[in-house]
Structures are given as C-alpha cells and as structure tokens.
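Novice: Supplied structure: protein_18.cif, mmCIF, C-alpha atoms.
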```cif
data_my_file
loop_
_atom_site.label_atom_id
_atom_site.label_comp_id
_atom_site.auth_asym_id
_atom_site.auth_seq_id
_atom_site.Cartn_x
_atom_site.Cartn_y
_atom_site.Cartn_z
CA MET A 8 87.12 73.65 119.10
CA SER A 9 88.01 74.67 115.53
CA LEU A 10 85.38 75.47 112.93
CA SER A 11 84.68 72.53 110.63
CA PRO A 12 83.53 72.51 106.99
CA ASP A 13 80.52 70.43 108.06
CA ALA A 14 79.44 73.15 110.50
CA VAL A 15 79.73 75.76 107.76
CA MET A 16 77.73 73.60 105.34
CA GLN A 17 75.05 73.09 107.97
CA HIS A 18 74.82 76.84 108.45
CA LEU A 19 74.64 77.44 104.69
CA SER A 20 71.88 74.87 104.32
CA ALA A 21 69.78 76.75 106.88
CA ILE A 22 70.10 80.20 105.28
CA GLU A 23 66.76 81.60 104.12
CA LEU A 24 67.29 84.22 101.42
CA LYS A 25 65.47 84.92 98.18
CA GLY A 26 67.35 83.17 95.39
CA TRP A 27 69.58 81.22 97.79
CA SER A 28 70.22 77.51 97.41
CA PRO A 29 73.11 75.36 98.67
CA GLN A 30 73.28 74.05 95.11
CA LEU A 31 74.97 77.36 94.18
CA ILE A 32 78.06 76.34 96.16
CA GLY A 33 80.95 75.74 93.78
CA GLY A 34 83.75 75.58 96.31
CA LEU A 35 84.37 75.90 100.05
CA ASN A 36 87.58 76.34 101.99
CA VAL A 37 87.68 76.51 105.80
CA ASP A 38 90.99 77.12 107.52
CA GLN A 39 91.42 78.20 111.15
CA GLY A 40 88.30 80.33 111.25
CA LYS A 41 88.74 81.79 107.76
CA VAL A 42 86.02 80.82 105.30
CA MET A 43 86.28 81.16 101.52
CA LEU A 44 83.11 80.33 99.58
CA ALA A 45 82.55 80.34 95.81
CA LEU A 46 79.03 80.57 94.40
CA GLN A 47 78.57 79.27 90.88
CA VAL A 48 75.86 81.21 89.04
CA ASP A 49 74.41 81.58 85.58
CA PRO A 50 76.65 84.01 83.60
CA ALA A 51 73.54 85.89 82.44
CA LEU A 52 72.48 86.52 86.06
CA ALA A 53 75.89 87.20 87.59
CA GLN A 54 75.55 91.00 87.76
CA GLY A 55 72.30 90.78 89.68
CA MET A 56 73.66 88.31 92.24
CA GLU A 57 75.82 90.80 94.17
CA PRO A 58 73.16 91.46 96.90
CA LEU A 59 72.82 87.72 97.49
CA ARG A 60 76.60 87.30 97.61
CA ALA A 61 76.92 90.10 100.16
CA ALA A 62 74.06 88.67 102.27
CA VAL A 63 75.60 85.18 102.35
CA GLU A 64 78.96 86.68 103.27
CA ALA A 65 77.36 88.65 106.11
CA SER A 66 75.57 85.53 107.35
CA LEU A 67 78.81 83.56 107.40
CA SER A 68 80.59 86.38 109.22
CA GLY A 69 78.10 86.04 112.06
CA LEU A 70 78.63 82.29 112.48
CA GLU A 71 80.34 81.33 115.73
CA GLY A 72 84.00 80.50 115.17
CA VAL A 73 84.29 82.47 111.93
CA GLU A 74 87.06 85.04 112.09
CA SER A 75 86.61 86.20 108.52
CA ALA A 76 84.42 85.26 105.56
CA LYS A 77 84.87 85.94 101.86
CA VAL A 78 82.28 84.97 99.24
CA VAL A 79 83.02 85.24 95.51
CA LEU A 80 80.85 84.67 92.45
CA THR A 81 81.92 82.37 89.64
CA ALA A 82 80.08 82.21 86.35
CA GLU A 83 80.61 79.08 84.30
CA ALA A 84 78.52 78.48 81.19
CA LYS A 85 77.30 74.92 80.93
CA PRO A 86 77.31 73.12 77.57
CA GLY A 87 73.89 73.40 75.94
CA SER A 88 72.63 75.88 78.53
CA GLY A 89 71.33 78.18 75.80
CA SER A 90 69.19 75.52 74.09
CA GLY A 91 65.95 75.10 75.99
CA PRO A 92 62.50 74.07 74.68
CA ALA A 93 61.78 77.60 73.43
CA SER A 94 64.91 77.78 71.32
CA GLN A 95 64.36 74.27 70.02
CA ALA A 96 60.88 75.24 68.83
CA ALA A 97 62.09 78.38 67.03
CA PRO A 98 62.04 78.22 63.23
CA LYS A 99 65.36 77.70 61.52
CA ALA A 100 66.90 80.65 59.70
CA PRO A 101 67.70 80.38 55.98
CA PRO A 102 71.11 78.76 55.37
CA GLN A 103 72.75 82.04 54.20
CA LYS A 104 71.56 84.04 57.21
CA GLN A 105 72.42 81.18 59.54
CA ALA A 106 75.95 81.06 58.13
CA GLN A 107 76.29 84.84 58.57
CA LYS A 108 75.08 84.58 62.17
CA GLN A 109 77.52 81.78 62.93
CA ALA A 110 80.38 83.77 61.43
CA GLN A 111 79.41 86.82 63.52
CA GLN A 112 79.22 84.73 66.70
CA SER A 113 82.61 83.15 65.91
CA GLN A 114 84.16 86.59 65.37
CA GLN A 115 82.69 87.87 68.66
CA ALA A 116 84.04 84.82 70.49
CA GLN A 117 87.52 85.59 69.17
CA GLN A 118 87.36 89.20 70.40
CA PRO A 119 87.68 89.28 74.21
CA GLN A 120 85.54 91.92 75.90
CA ARG A 121 87.76 94.17 77.97
CA GLY A 122 86.44 95.77 81.10
CA GLY A 123 86.53 99.51 81.58
CA PRO A 124 89.14 101.48 83.50
CA ILE A 125 89.45 101.05 87.26
CA PRO A 126 88.39 104.26 89.05
CA GLY A 127 91.37 106.20 90.31
CA VAL A 128 93.97 104.05 88.50
CA GLN A 129 95.79 105.67 85.60
CA SER A 130 97.84 102.77 84.23
CA ILE A 131 97.95 99.00 84.81
CA ILE A 132 101.17 97.14 84.05
CA ALA A 133 101.48 93.35 84.18
CA VAL A 134 104.74 91.79 85.35
CA ALA A 135 104.77 88.27 83.96
CA SER A 136 106.92 85.23 83.21
CA GLY A 137 106.54 82.11 81.15
CA LYS A 138 107.49 79.89 84.11
CA GLY A 139 107.92 80.03 87.86
CA GLY A 140 111.16 80.38 89.78
CA VAL A 141 112.66 83.24 87.77
CA GLY A 142 112.16 85.91 90.46
CA LYS A 143 109.10 87.58 88.90
CA SER A 144 107.48 88.60 92.20
CA THR A 145 110.75 89.96 93.60
CA THR A 146 111.15 91.95 90.40
CA ALA A 147 107.55 93.20 90.58
CA VAL A 148 107.80 94.49 94.14
CA ASN A 149 111.17 96.18 93.61
CA LEU A 150 110.01 97.69 90.32
CA ALA A 151 106.96 99.09 92.13
CA LEU A 152 109.20 100.65 94.78
CA ALA A 153 111.53 102.00 92.10
CA LEU A 154 108.62 103.66 90.29
CA GLN A 155 107.53 105.14 93.60
CA ALA A 156 111.06 106.50 94.07
CA ARG A 157 110.57 108.25 90.73
CA GLY A 158 107.54 110.07 92.11
CA LYS A 159 104.69 107.75 91.09
CA ALA A 160 101.83 106.61 93.32
CA VAL A 161 101.96 102.82 93.02
CA GLY A 162 99.91 99.78 94.04
CA ILE A 163 100.41 96.03 93.57
CA LEU A 164 97.81 93.38 92.86
CA ASP A 165 99.11 89.91 93.68
CA ALA A 166 97.30 87.94 90.97
CA ASP A 167 99.04 84.65 91.78
CA VAL A 168 96.11 83.09 93.65
CA TYR A 169 97.80 79.71 94.05
CA GLY A 170 101.12 81.08 95.30
CA PRO A 171 100.72 84.63 96.63
CA SER A 172 104.06 86.21 97.58
CA MET A 173 103.33 89.87 98.33
CA PRO A 174 102.42 89.47 102.04
CA ARG A 175 105.86 87.97 102.70
CA LEU A 176 107.76 90.28 100.35
CA LEU A 177 106.24 93.41 101.89
CA GLY A 178 106.10 92.22 105.49
CA LEU A 179 102.30 92.40 105.68
CA GLU A 180 99.81 90.17 107.47
CA GLY A 181 96.20 90.18 108.60
CA GLN A 182 92.98 90.77 106.72
CA PRO A 183 92.22 93.95 104.74
CA GLU A 184 89.49 96.19 106.12
CA ALA A 185 86.10 96.22 104.41
CA GLU A 186 83.82 99.16 103.69
CA GLY A 187 80.47 97.79 102.58
CA ASN A 188 81.18 95.39 99.74
CA ARG A 189 84.57 96.93 98.97
CA LEU A 190 88.01 96.26 100.44
CA LYS A 191 90.72 98.69 101.46
CA PRO A 192 94.17 97.55 100.29
CA LYS A 193 96.84 97.03 102.89
CA GLU A 194 99.89 99.28 102.70
CA ASN A 195 103.60 99.22 103.46
CA TYR A 196 106.51 101.38 102.25
CA GLY A 197 103.84 103.60 100.70
CA ILE A 198 102.69 100.81 98.33
CA LYS A 199 99.04 99.73 98.32
CA VAL A 200 98.68 95.94 98.13
CA MET A 201 95.92 93.36 97.64
CA SER A 202 96.58 89.62 97.71
CA MET A 203 94.77 86.35 98.27
CA GLY A 204 97.52 85.75 100.82
CA PHE A 205 95.69 88.15 103.16
CA MET A 206 92.61 85.91 103.10
CA VAL A 207 94.18 82.53 103.91
CA GLU A 208 97.06 81.18 105.94
CA GLU A 209 100.45 81.15 104.24
CA ASP A 210 100.62 77.34 104.01
CA THR A 211 97.03 76.84 102.82
CA ALA A 212 96.67 75.19 99.42
CA MET A 213 94.12 76.91 97.17
CA ILE A 214 92.36 74.09 95.31
CA TRP A 215 90.19 76.12 92.96
CA ARG A 216 88.99 75.61 89.41
CA GLY A 217 89.63 78.19 86.69
CA PRO A 218 86.28 80.05 86.87
CA MET A 219 86.63 80.47 90.63
CA VAL A 220 90.10 81.97 90.20
CA GLN A 221 88.87 84.32 87.47
CA SER A 222 86.04 85.60 89.63
CA ALA A 223 88.31 86.13 92.64
CA LEU A 224 90.81 88.06 90.50
CA MET A 225 88.15 90.36 89.11
CA GLN A 226 86.79 91.07 92.58
CA MET A 227 90.27 91.85 93.93
CA MET A 228 90.78 94.14 90.96
CA ARG A 229 87.44 95.92 90.83
CA GLN A 230 86.07 95.76 94.38
CA VAL A 231 89.11 97.35 96.02
CA GLU A 232 89.58 101.05 96.77
CA TRP A 233 92.79 101.44 94.78
CA GLY A 234 92.82 105.09 93.85
CA PRO A 235 94.34 107.44 93.42
CA LEU A 236 97.23 105.58 91.73
CA ASP A 237 99.51 106.46 88.86
CA VAL A 238 100.47 102.82 88.35
CA LEU A 239 98.99 99.49 89.42
CA ILE A 240 101.52 96.67 89.06
CA VAL A 241 99.91 93.26 88.56
CA ASP A 242 102.15 90.40 89.70
CA MET A 243 100.87 87.78 87.28
CA PRO A 244 100.97 84.04 88.00
CA PRO A 245 103.58 82.15 85.97
CA GLY A 246 102.58 80.54 82.70
CA THR A 247 99.85 81.25 80.15
CA GLY A 248 96.68 79.78 81.64
CA ASP A 249 93.19 80.95 82.59
CA ALA A 250 94.32 83.49 85.19
CA GLN A 251 96.75 85.15 82.78
CA LEU A 252 94.18 85.37 79.99
CA THR A 253 91.58 86.76 82.40
CA MET A 254 93.85 89.64 83.35
CA ALA A 255 95.00 90.21 79.77
CA GLN A 256 91.48 90.23 78.34
CA GLN A 257 89.32 91.72 81.07
CA VAL A 258 91.57 94.54 82.34
CA PRO A 259 92.79 97.55 80.30
CA LEU A 260 96.50 96.78 80.53
CA ALA A 261 98.87 99.54 79.43
CA GLY A 262 101.45 96.84 78.75
CA ALA A 263 103.44 93.92 80.10
CA VAL A 264 106.96 93.46 81.43
CA ILE A 265 108.39 89.95 80.98
CA VAL A 266 110.90 88.55 83.50
CA SER A 267 113.29 85.72 82.63
CA THR A 268 116.61 84.29 83.69
CA PRO A 269 119.35 84.17 81.00
CA GLN A 270 119.40 80.47 80.18
CA ASP A 271 117.78 79.11 77.03
CA LEU A 272 115.25 76.93 78.89
CA ALA A 273 113.75 79.90 80.74
CA LEU A 274 113.77 82.05 77.61
CA LEU A 275 111.75 79.42 75.74
CA ASP A 276 108.95 79.88 78.26
CA ALA A 277 109.39 83.66 78.33
CA LYS A 278 108.74 83.69 74.57
CA LYS A 279 105.43 81.91 75.20
CA GLY A 280 104.41 84.67 77.57
CA ILE A 281 105.37 87.30 75.00
CA SER A 282 103.38 85.44 72.35
CA MET A 283 100.30 85.34 74.61
CA PHE A 284 100.31 89.09 75.18
CA ARG A 285 100.81 89.76 71.49
CA LYS A 286 97.86 87.54 70.59
CA VAL A 287 95.55 89.56 72.88
CA ASN A 288 97.05 92.85 71.64
CA VAL A 289 98.69 93.91 74.90
CA PRO A 290 101.94 95.84 74.27
CA VAL A 291 105.09 94.12 75.54
CA LEU A 292 106.97 96.97 77.20
CA GLY A 293 110.21 95.06 77.64
CA LEU A 294 112.19 92.11 78.92
CA VAL A 295 114.10 91.97 82.23
CA GLU A 296 116.99 89.55 82.78
CA ASN A 297 116.94 88.39 86.41
CA MET A 298 119.74 86.43 88.17
CA SER A 299 121.97 87.71 85.40
CA SER A 300 125.35 87.01 86.97
CA PHE A 301 126.85 86.22 90.37
CA ILE A 302 129.74 88.18 91.88
CA CYS A 303 131.47 86.40 94.75
CA PRO A 304 131.38 88.68 97.82
CA ASN A 305 134.81 87.39 98.92
CA CYS A 306 136.94 87.39 95.76
CA GLN A 307 134.70 89.52 93.48
CA HIS A 308 134.93 86.89 90.75
CA GLU A 309 131.98 87.05 88.37
CA SER A 310 130.28 83.73 87.56
CA PRO A 311 127.41 83.53 85.04
CA ILE A 312 125.66 80.68 86.90
CA PHE A 313 122.52 80.90 84.76
CA GLY A 314 124.30 82.51 81.83
CA HIS A 315 124.51 86.19 80.98
CA GLY A 316 123.00 88.35 78.25
CA GLY A 317 120.54 85.75 76.98
CA ALA A 318 117.49 87.93 77.61
CA GLN A 319 119.09 90.92 75.91
CA ARG A 320 119.86 88.86 72.81
CA GLU A 321 116.33 87.41 72.80
CA ALA A 322 114.79 90.88 73.16
CA LYS A 323 116.72 91.99 70.08
CA LYS A 324 115.51 88.95 68.10
CA LEU A 325 111.89 89.60 69.10
CA SER A 326 112.13 93.37 68.51
CA ILE A 327 111.12 94.30 72.04
CA PRO A 328 112.95 96.64 74.45
CA PHE A 329 115.49 95.24 76.88
CA LEU A 330 114.84 97.03 80.17
CA GLY A 331 117.88 95.84 82.11
CA ALA A 332 119.51 93.10 84.15
CA VAL A 333 119.44 92.23 87.86
CA PRO A 334 122.37 90.27 89.33
CA LEU A 335 122.08 87.06 91.34
CA GLU A 336 122.73 88.55 94.78
CA MET A 337 122.34 87.15 98.28
CA ALA A 338 121.33 90.59 99.60
CA ILE A 339 118.29 90.66 97.29
CA ARG A 340 117.19 87.23 98.47
CA GLU A 341 117.75 88.02 102.15
CA SER A 342 115.89 91.33 102.03
CA SER A 343 112.98 89.71 100.16
CA ASP A 344 112.64 86.92 102.72
CA ALA A 345 112.72 89.51 105.52
CA GLY A 346 109.87 91.56 104.03
CA THR A 347 112.16 94.51 103.32
CA PRO A 348 112.69 94.66 99.54
CA VAL A 349 116.14 95.88 98.60
CA VAL A 350 114.88 99.11 96.99
CA ALA A 351 113.26 100.02 100.32
CA ALA A 352 115.99 98.61 102.58
CA ALA A 353 119.01 100.05 100.75
CA SER A 354 117.72 102.55 98.23
CA ASP A 355 121.19 104.03 97.67
CA GLY A 356 122.91 100.67 97.22
CA PRO A 357 124.11 99.03 94.01
CA HIS A 358 121.39 96.37 94.02
CA ALA A 359 118.59 98.94 94.25
CA ALA A 360 120.27 100.81 91.40
CA ALA A 361 119.56 97.89 89.06
CA TYR A 362 115.81 98.19 89.69
CA LEU A 363 115.89 101.98 89.49
CA ASN A 364 117.57 101.71 86.08
CA ILE A 365 114.86 99.30 84.94
CA ALA A 366 112.18 101.71 86.16
CA ASP A 367 113.82 104.53 84.22
CA ALA A 368 113.96 102.38 81.08
CA LEU A 369 110.29 101.49 81.54
CA LEU A 370 109.33 105.15 81.93
CA ASP A 371 111.33 106.03 78.81
CA GLN A 372 109.54 103.26 76.92
CA LEU A 373 106.11 104.40 78.06
CA GLU A 374 106.83 108.05 77.39
CA GLY A 375 108.36 107.33 73.98
CA GLY A 376 106.73 106.78 70.62
CA GLY A 377 105.38 110.32 70.47
CA LYS A 378 102.91 109.80 73.31
CA LYS A 379 101.94 112.94 75.14
CA SER A 380 101.65 111.05 78.40
CA TRP A 381 102.87 107.59 79.38
CA PHE A 382 99.70 107.21 81.45
CA LYS A 383 97.54 107.33 78.32
CA MET A 384 95.93 103.96 77.63
CA PRO A 385 96.88 102.41 74.27
CA LYS A 386 94.17 101.92 71.71
CA ILE A 387 93.30 98.23 71.75
CA SER A 388 92.20 96.57 68.52
CA PHE A 389 91.54 92.97 67.66
CA SER A 390 92.01 91.22 64.33
CA GLY A 391 89.41 88.70 63.28
#
```
Could I get this file's structure written as structure tokens?

Specialist:
Amino acid sequence: MSLSPDAVMQHLSAIELKGWSPQLIGGLNVDQGKVMLALQVDPALAQGMEPLRAAVEASLSGLEGVESAKVVLTAEAKPGSGSGPASQAAPKAPPQKQAQKQAQQSQQAQQPQRGGPIPGVQSIIAVASGKGGVGKSTTAVNLALALQARGKAVGILDADVYGPSMPRLLGLEGQPEAEGNRLKPKENYGIKVMSMGFMVEEDTAMIWRGPMVQSALMQMMRQVEWGPLDVLIVDMPPGTGDAQLTMAQQVPLAGAVIVSTPQDLALLDAKKGISMFRKVNVPVLGLVENMSSFICPNCQHESPIFGHGGAQREAKKLSIPFLGAVPLEMAIRESSDAGTPVVAAASDGPHAAAYLNIADALLDQLEGGGKKSWFKMPKISFSG
C-alpha cells in the first residue's frame, strides 16, 4: 500500500516538538514514498528554526512507507506583520525625520542583500536564458565538462526546480547522501551535481509558490558539501522570475553566460535576461549562440534553420562578448538524451570542440581586464 498525503498529515499532526505546529505547513508533496515538506515561518525567526526543521525531517524519515524525506523552510513576510499594538502605540516621528527614515528604508529595499561566499567554491557562474527551449541546460553541462577539460574542478547546481534536467543529462539517479543536515552532491564524469530531480520522480510536477522555491534553492546552494571547486555552474531556470532574482541577489555570482538561438524571437527574450543581470549588477560574461546552423550528415549542405549569426550581432549591439556558436547537431541531442554529454562522450570530436572553444573564450574573458585571477570575485555595488 502506497504512502498517502493523509497519512503524512496525520503523522505531522501528532508530532510533539517545541515550537511545532501543523499550521507551519506551507506545502506538502508525497510521491511514491518520497516526501517533500515546506514550513512557512516568520522571516525574523527563520535562522533559529533549523533545529525544528531537522527534527521534523527526522520524524518523517522514520514514518513507515517513507523512503526519503526533505523539509525546507520558507519565509514569507505577511502584509502588516510589522504593525502590532506596540508599534501602533509608539509616538510618531517628526515629519522630516519620518521622511528621512522612509527614504532610507526605500533605498535599503532597492539594494538586495547578497549572501557570503560558499565555503570551498571559488567562482559561481550562472548559465541563463530569457526563455526555455534554447538548449541552456545542454550548454551548461557541456560547458562544465569543457572547463573541467581545461583543468578546473567543476560542479553544477540545477536551479530549475520546476524542470530539472541534470539527472538525465549526466545519467544520474537516486537520492544524494546526507551527513547531518548537509547533503553530499552526486557525481559523474568528475562533475559534482545537485538537483531537485534527485528528490522527486522525473515525471512529478512541482507545484510550489515562489518563497518555497527560493528557500529550496538556497538550501541546495548552501547546505551542500560542494568544495573544493574552482567553478560552480548554476543552470538557471528560463525567464526572469523569482528563482532567477533569488540566485542573482543572494549568491555572489562572478558573472552570467546567456544562451540563445539565432532567431529574433529568442534574442528578444535573451535581452531581457541580460537586462535583469545588469539591473542587479551581475557582470554578463558573454552570449552563446546555440542551434546555430544545421549541416546535413548526408550531403553536408548547411541550412540555417533558426538563422545564423543573430546572437553575435546582438552581442555587438549590447557591447558584451560573443563566446561562440554551437551547431544544431543530432549527435549532441542523442548524447544528451543518453546521459553522456558530447564533451564527455567524444571529447576529441568536432561537436565537443565547439564547447571547448566557448570555455576558452570564457576563461579569456574572466582572466582579462587586468584581473590577477579570474577566480577573484568582482566588487558588487548598487546604485540607489
């Protein structure tokens, strides 16, 4: 008999822990013995809730029929939560001081608070796109392998919670091992990997609100034993929503690589992604043109199915580096579906060469500009 959500809720209702209440539950997903639970807490108390989170997770792990349990904290401020009776009774400040305070609070709200470095990780690079379907994840995994071929220790965080691809792309399955309240990333081809796809079945739909996704991303980033790594590649979800802003604002990104296909429609969305990173002062390290052109394997005729050179022209207009182009090739698609990325499966082949050239261009970009080391974090500043 399979584990039901009702059975899990009954168990949660019976837990006796200091500070525990079923009212904290912000989301529950039960799928073939795997339980994902989100606890919604007061943002001001979130840091002190880790012992309770770990205790609830341990309690769920011991429930009959549970193969694995993962509990995450979400902190969502409620409108008016800071205005209780005490604050209502406080005397009003003079108009000038009140105006100054409001201006200061507004300025602070416009300046996202970035988290500190991740222990053992030298540089974090986001691979992003303005829309889905442009081959961003395939580019991210092959770029990671190409950087590794250039002597770097590399990991990948699959930040696309709703559509994780890395387990399939790297031929990985099963749950990551846990040590206390920290996870050990899974590994293949020498690349360390963490993905929500390890926690749920491949065809499970993640129906989560924004704060739940943000909390899960931060836990996968900061509660994983990543180090030592030279580079952590973050495979960002497509678009410019909550998940993207969370990563851009809360993680010390060394820069972003934007992936697009050549046609104008895709480039319109790619420009939105570039604009987002610029607004949060994350350097855009370059643009990659994926599915650039198709060469018939029989007659060798070249057909620009999605166009050709559009990303390079757009990069020039936007004054950002063009890192290179990847052809539309059946071998890349087949190797990706098989869990053997082309850089790993045929490292000496012409298709792998495209990614290796992009990796070289990325390294040149990071090492350029008079920097002593491309691993050095850029100085982040925010304009009011």

Novice: Hey, can you check how far CA of Pro12 in chain A sits from CA of Val168 in chain A?

Specialist: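 Distance between the two atoms: 21.2 Å.
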
Novice: Rounded to one decimal, what separation in Å do you get between CA of Ala212 in chain A and CA of Glu186 in chain A?

Specialist: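 So the two atoms, CA of Ala212 in chain A and CA of Glu186 in chain A, lie 27.5 Å apart.
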
Novice: Taking the file as shown, find all residues satisfying the PyMOL selection byres ((chain A and resi 142-147) around 8) and write them as an NGL selection string.

Specialist: :A and (134-136 or 139-141 or 148-151 or 172-173 or 176 or 240-242 or 266-267 or 297-298 or 343 or 348 or 362)

Novice: So which residues fall inside 9 Å of (90.8, 82.4, 84.1) if we count all atoms listed in the file? Mind giving them as a list of chain:residue names?

Specialist: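 Residues satisfying the cut-off, written out: A:Arg216, A:Gly217, A:Pro218, A:Met219, A:Val220, A:Gln221, A:Ser222, A:Leu224, A:Gly248, A:Asp249, A:Ala250, A:Gln251, A:Leu252, A:Thr253, A:Met254.
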
Novice: The selected residues should be written to file as a compact mmCIF listing (two decimals), in the coordinates of the input (atoms: C-alpha atoms).

Specialist:
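Now in out_5.txt:
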```
# COMPACT_ATOMS: atom_id res chain seq x y z
CA ARG A 216 88.99 75.61 89.41
CA GLY A 217 89.63 78.19 86.69
CA PRO A 218 86.28 80.05 86.87
CA MET A 219 86.63 80.47 90.63
CA VAL A 220 90.10 81.97 90.20
CA GLN A 221 88.87 84.32 87.47
CA SER A 222 86.04 85.60 89.63
CA LEU A 224 90.81 88.06 90.50
CA GLY A 248 96.68 79.78 81.64
CA ASP A 249 93.19 80.95 82.59
CA ALA A 250 94.32 83.49 85.19
CA GLN A 251 96.75 85.15 82.78
CA LEU A 252 94.18 85.37 79.99
CA THR A 253 91.58 86.76 82.40
CA MET A 254 93.85 89.64 83.35
```

Novice: Using CA of Ile163 in chain A and CA of Leu335 in chain A as the two end points, give the distance in Å to one decimal.

Specialist: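 Value for the CA of Ile163 in chain A-CA of Leu335 in chain A distance: 23.6 Å.
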
Novice: Any idea what's packed within 7 Å of Gly178 in chain A, counting all atoms listed in the file, ignoring anything in its chain fewer than 3 positions away? Could you give it as a count of residues only?

Specialist: 4

Novice: Expand the PyMOL selection byres ((chain A and resi 22-28) around 9) into the individual residues it matches in the shown file, reporting them as a ChimeraX atom specification.

Specialist: /A:18-21,29-32,56,59,62-63,66

Novice: Check which residues satisfy the PyMOL selection byres ((chain A and resi 81) around 9) in the file shown, then give them as a list in words.

Specialist: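 Checking the PyMOL selection byres ((chain A and resi 81) around 9) against this file, the residues are Gly33, Ala45, Leu46, Gln47, Val48, Asp49, Pro50, Ala53, Val79, Leu80, Ala82, Glu83, Pro218, Met219, Val220, Gln221, Ser222 and Ala223 of chain A.
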
Novice: Do a neighbour search on Asn195 in chain A at 9 Å with only C-alpha atoms, toss out local chain neighbours closer than 3 positions, and write the hits as a ChimeraX atom specification.

Specialist: /A:177-179,198-200

Novice: Which of these, A:Met337, A:Lys278, A:Asn305, A:Ser354, has the shortest distance to Lys324 in chain A once you count all atoms listed in the file?

Specialist: A:Lys278

Novice: Quick one: of A:Ala360, A:Ala153, A:Ala318, A:Val207, who's nearest to Glu74 in chain A, counting all atoms listed in the file?

Specialist: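 Nearest candidate to Glu74 in chain A out of A:Ala360, A:Ala153, A:Ala318, A:Val207: A:Val207.
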
Novice: For each of A:Asp167, A:Gly127, A:Leu152, A:Glu57, take the minimum atom-to-atom distance to Val349 in chain A, counting only C-alpha atoms, then give the residue where this is smallest.

Specialist: A:Leu152

Novice: Could you pull range 134-150 of chain A out of the structure just shown and give N, CA and C atoms as a PDB file, in the first residue's frame?

Specialist:
```pdb
ATOM      1  N   VAL A 134      24.438  30.153 -15.873  1.00  0.00           N
ATOM      2  CA  VAL A 134      24.132  29.952 -17.290  1.00  0.00           C
ATOM      3  C   VAL A 134      22.628  30.135 -17.425  1.00  0.00           C
ATOM      4  N   ALA A 135      22.224  31.140 -18.174  1.00  0.00           N
ATOM      5  CA  ALA A 135      20.820  31.561 -18.173  1.00  0.00           C
ATOM      6  C   ALA A 135      20.317  31.782 -19.590  1.00  0.00           C
ATOM      7  N   SER A 136      18.983  31.912 -19.692  1.00  0.00           N
ATOM      8  CA  SER A 136      18.335  32.232 -20.961  1.00  0.00           C
ATOM      9  C   SER A 136      17.062  33.004 -20.670  1.00  0.00           C
ATOM     10  N   GLY A 137      16.629  33.775 -21.628  1.00  0.00           N
ATOM     11  CA  GLY A 137      15.396  34.524 -21.437  1.00  0.00           C
ATOM     12  C   GLY A 137      14.156  33.669 -21.583  1.00  0.00           C
ATOM     13  N   LYS A 138      14.285  32.506 -22.255  1.00  0.00           N
ATOM     14  CA  LYS A 138      13.139  31.627 -22.476  1.00  0.00           C
ATOM     15  C   LYS A 138      13.611  30.185 -22.495  1.00  0.00           C
ATOM     16  N   GLY A 139      12.674  29.256 -22.405  1.00  0.00           N
ATOM     17  CA  GLY A 139      13.011  27.844 -22.449  1.00  0.00           C
ATOM     18  C   GLY A 139      13.142  27.345 -23.882  1.00  0.00           C
ATOM     19  N   GLY A 140      13.715  26.150 -24.021  1.00  0.00           N
ATOM     20  CA  GLY A 140      13.796  25.512 -25.321  1.00  0.00           C
ATOM     21  C   GLY A 140      14.956  25.933 -26.189  1.00  0.00           C
ATOM     22  N   VAL A 141      15.926  26.663 -25.626  1.00  0.00           N
ATOM     23  CA  VAL A 141      17.064  27.117 -26.430  1.00  0.00           C
ATOM     24  C   VAL A 141      18.315  26.274 -26.178  1.00  0.00           C
ATOM     25  N   GLY A 142      18.201  25.217 -25.361  1.00  0.00           N
ATOM     26  CA  GLY A 142      19.339  24.347 -25.111  1.00  0.00           C
ATOM     27  C   GLY A 142      20.263  24.833 -24.010  1.00  0.00           C
ATOM     28  N   LYS A 143      19.719  25.602 -23.067  1.00  0.00           N
ATOM     29  CA  LYS A 143      20.523  26.164 -21.978  1.00  0.00           C
ATOM     30  C   LYS A 143      21.158  25.087 -21.120  1.00  0.00           C
ATOM     31  N   SER A 144      20.381  24.078 -20.708  1.00  0.00           N
ATOM     32  CA  SER A 144      20.912  23.034 -19.826  1.00  0.00           C
ATOM     33  C   SER A 144      21.972  22.193 -20.533  1.00  0.00           C
ATOM     34  N   THR A 145      21.742  21.878 -21.805  1.00  0.00           N
ATOM     35  CA  THR A 145      22.744  21.145 -22.583  1.00  0.00           C
ATOM     36  C   THR A 145      24.026  21.952 -22.686  1.00  0.00           C
ATOM     37  N   THR A 146      23.880  23.262 -22.884  1.00  0.00           N
ATOM     38  CA  THR A 146      25.052  24.128 -22.930  1.00  0.00           C
ATOM     39  C   THR A 146      25.758  24.163 -21.581  1.00  0.00           C
ATOM     40  N   ALA A 147      24.979  24.242 -20.498  1.00  0.00           N
ATOM     41  CA  ALA A 147      25.571  24.328 -19.160  1.00  0.00           C
ATOM     42  C   ALA A 147      26.396  23.086 -18.827  1.00  0.00           C
ATOM     43  N   VAL A 148      25.854  21.908 -19.119  1.00  0.00           N
ATOM     44  CA  VAL A 148      26.565  20.687 -18.744  1.00  0.00           C
ATOM     45  C   VAL A 148      27.807  20.495 -19.604  1.00  0.00           C
ATOM     46  N   ASN A 149      27.724  20.814 -20.888  1.00  0.00           N
ATOM     47  CA  ASN A 149      28.901  20.666 -21.748  1.00  0.00           C
ATOM     48  C   ASN A 149      29.941  21.743 -21.468  1.00  0.00           C
ATOM     49  N   LEU A 150      29.512  22.935 -21.090  1.00  0.00           N
ATOM     50  CA  LEU A 150      30.452  23.973 -20.688  1.00  0.00           C
ATOM     51  C   LEU A 150      31.185  23.556 -19.417  1.00  0.00           C
TER      52      LEU A 150
END
```
